[in-house]
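The structure appears below as structure tokens.
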Amino acid sequence: MSAPAFSASGDWSARITACWNDSFKAILDVGRLLTEAKADLPHGAFGAMIERSLPFSASTAQRLMAISADVRIRNPAHVRHLPLHWGTLYELTKLSDEQFEAGI
């Protein structure tokens, strides 16, 4: 039995692109949720939550929050040009607007 031929490569492309975009969105969502939790929790509870309950360190949480706060990274026009790695995205937050735009 041979593998089915897919004449609609756009279907695969659309599904793969959607998954990729979901991954990027998840990074932004985690940063946003961290920011909301920090604002909502009593003093000291945010750090304790990270230490006890989250799968990353406080420094990673701070970086994810910086990523989600950066309007340049949240700009939908930039998404396709950005890497899908939170560490690299964080490094982009430290660029000047001119450096960021030159990279885009």
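Chain identifiers are assigned as A, B, and so on, following the order in which chains appear in the structure tokens; residues are numbered from 1 within each chain, and ligands are numbered from 1 in order of appearance.
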
Could you pull out the helix (DSSP H, G or I) residues of chain A from DSSP and send them as a PyMOL selection string? chain A and resi 9-40+45-53+58-69+71-74+79-81+86-93+97-103

Check which residues of stretch 13-45 of chain A sit at most 10 Å from stretch 56-80 of chain A using only C-alpha atoms, and return one row each with the closest pair of atoms and their distance in Å to one decimal, ordered by chain and rising number, as a Markdown table.
| residue | atom | partner | partner_atom | distance |
| --- | --- | --- | --- | --- |
| A:Thr17 | CA | A:Arg80 | CA | 9.5 |
| A:Trp20 | CA | A:Arg80 | CA | 9.5 |
| A:Asn21 | CA | A:Val79 | CA | 8.0 |
| A:Phe24 | CA | A:Val79 | CA | 7.9 |
| A:Lys25 | CA | A:Arg74 | CA | 9.0 |
| A:Ile27 | CA | A:Leu64 | CA | 7.1 |
| A:Leu28 | CA | A:Ser68 | CA | 4.8 |
| A:Asp29 | CA | A:Ser68 | CA | 7.3 |
| A:Val30 | CA | A:Leu64 | CA | 7.0 |
| A:Gly31 | CA | A:Met65 | CA | 4.1 |
| A:Arg32 | CA | A:Ser68 | CA | 5.8 |
| A:Leu33 | CA | A:Met65 | CA | 8.4 |
| A:Leu34 | CA | A:Met65 | CA | 6.4 |
| A:Thr35 | CA | A:Met65 | CA | 6.0 |
| A:Glu36 | CA | A:Met65 | CA | 9.6 |
| A:Lys38 | CA | A:Met65 | CA | 10.0 |

Same residues, N, CA, C and O atoms, output as a PDB file, in the first residue's frame:
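Result written to selection.pdb:
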ATOM      1  N   THR A  17       1.947  25.844  10.060  1.00  0.00           N
ATOM      2  CA  THR A  17       2.060  27.260  10.429  1.00  0.00           C
ATOM      3  C   THR A  17       1.203  27.570  11.654  1.00  0.00           C
ATOM      4  O   THR A  17       1.639  28.292  12.557  1.00  0.00           O
ATOM      5  N   TRP A  20       3.011  26.286  14.690  1.00  0.00           N
ATOM      6  CA  TRP A  20       4.147  27.174  14.967  1.00  0.00           C
ATOM      7  C   TRP A  20       3.659  28.445  15.652  1.00  0.00           C
ATOM      8  O   TRP A  20       4.208  28.872  16.666  1.00  0.00           O
ATOM      9  N   ASN A  21       2.620  29.040  15.108  1.00  0.00           N
ATOM     10  CA  ASN A  21       2.086  30.272  15.689  1.00  0.00           C
ATOM     11  C   ASN A  21       1.517  30.035  17.081  1.00  0.00           C
ATOM     12  O   ASN A  21       1.624  30.900  17.954  1.00  0.00           O
ATOM     13  N   PHE A  24       4.410  30.150  19.498  1.00  0.00           N
ATOM     14  CA  PHE A  24       4.820  31.530  19.745  1.00  0.00           C
ATOM     15  C   PHE A  24       3.820  32.204  20.685  1.00  0.00           C
ATOM     16  O   PHE A  24       4.200  32.857  21.658  1.00  0.00           O
ATOM     17  N   LYS A  25       2.538  32.005  20.402  1.00  0.00           N
ATOM     18  CA  LYS A  25       1.496  32.592  21.236  1.00  0.00           C
ATOM     19  C   LYS A  25       1.601  32.075  22.667  1.00  0.00           C
ATOM     20  O   LYS A  25       1.385  32.825  23.625  1.00  0.00           O
ATOM     21  N   ILE A  27       4.273  31.286  24.352  1.00  0.00           N
ATOM     22  CA  ILE A  27       5.336  32.012  25.041  1.00  0.00           C
ATOM     23  C   ILE A  27       4.803  33.357  25.536  1.00  0.00           C
ATOM     24  O   ILE A  27       5.012  33.746  26.690  1.00  0.00           O
ATOM     25  N   LEU A  28       4.081  34.062  24.662  1.00  0.00           N
ATOM     26  CA  LEU A  28       3.502  35.350  25.052  1.00  0.00           C
ATOM     27  C   LEU A  28       2.455  35.178  26.154  1.00  0.00           C
ATOM     28  O   LEU A  28       2.400  35.972  27.099  1.00  0.00           O
ATOM     29  N   ASP A  29       1.649  34.140  26.043  1.00  0.00           N
ATOM     30  CA  ASP A  29       0.608  33.896  27.051  1.00  0.00           C
ATOM     31  C   ASP A  29       1.209  33.587  28.423  1.00  0.00           C
ATOM     32  O   ASP A  29       0.709  34.059  29.441  1.00  0.00           O
ATOM     33  N   VAL A  30       2.269  32.795  28.452  1.00  0.00           N
ATOM     34  CA  VAL A  30       2.918  32.483  29.731  1.00  0.00           C
ATOM     35  C   VAL A  30       3.430  33.771  30.374  1.00  0.00           C
ATOM     36  O   VAL A  30       3.225  34.011  31.568  1.00  0.00           O
ATOM     37  N   GLY A  31       4.071  34.614  29.585  1.00  0.00           N
ATOM     38  CA  GLY A  31       4.568  35.880  30.123  1.00  0.00           C
ATOM     39  C   GLY A  31       3.452  36.767  30.633  1.00  0.00           C
ATOM     40  O   GLY A  31       3.560  37.379  31.699  1.00  0.00           O
ATOM     41  N   ARG A  32       2.352  36.801  29.895  1.00  0.00           N
ATOM     42  CA  ARG A  32       1.200  37.610  30.308  1.00  0.00           C
ATOM     43  C   ARG A  32       0.596  37.065  31.600  1.00  0.00           C
ATOM     44  O   ARG A  32       0.291  37.819  32.529  1.00  0.00           O
ATOM     45  N   LEU A  33       0.440  35.751  31.669  1.00  0.00           N
ATOM     46  CA  LEU A  33      -0.117  35.145  32.887  1.00  0.00           C
ATOM     47  C   LEU A  33       0.786  35.365  34.091  1.00  0.00           C
ATOM     48  O   LEU A  33       0.294  35.620  35.205  1.00  0.00           O
ATOM     49  N   LEU A  34       2.082  35.296  33.888  1.00  0.00           N
ATOM     50  CA  LEU A  34       3.014  35.581  34.978  1.00  0.00           C
ATOM     51  C   LEU A  34       2.844  37.010  35.475  1.00  0.00           C
ATOM     52  O   LEU A  34       2.817  37.263  36.684  1.00  0.00           O
ATOM     53  N   THR A  35       2.722  37.940  34.539  1.00  0.00           N
ATOM     54  CA  THR A  35       2.545  39.348  34.886  1.00  0.00           C
ATOM     55  C   THR A  35       1.259  39.542  35.683  1.00  0.00           C
ATOM     56  O   THR A  35       1.236  40.254  36.696  1.00  0.00           O
ATOM     57  N   GLU A  36       0.187  38.896  35.239  1.00  0.00           N
ATOM     58  CA  GLU A  36      -1.090  39.004  35.943  1.00  0.00           C
ATOM     59  C   GLU A  36      -1.006  38.377  37.335  1.00  0.00           C
ATOM     60  O   GLU A  36      -1.534  38.928  38.302  1.00  0.00           O
ATOM     61  N   LYS A  38       1.664  38.038  39.186  1.00  0.00           N
ATOM     62  CA  LYS A  38       2.501  38.882  40.052  1.00  0.00           C
ATOM     63  C   LYS A  38       1.689  40.053  40.599  1.00  0.00           C
ATOM     64  O   LYS A  38       1.821  40.418  41.774  1.00  0.00           O
TER      65      LYS A  38
END

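Of the residues under consideration (A:His81, A:Trp86, A:Arg52, A:Asp22), A:His81 shows the shortest atom-to-atom contact distance to A:Phe100 when counting only C-alpha atoms.
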
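Take atom CA of A:Glu51 and atom CA of A:Ser23: the distance between them is 24.0 Å.
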
Might you pull out every residue within 12 Å of A:Ala102, with only C-alpha atoms counted and same-chain residues fewer than 4 positions away left off, and present them as a list in words? His78, His81, Leu92, Leu95, Ser96, Asp97 and Glu98 of chain A
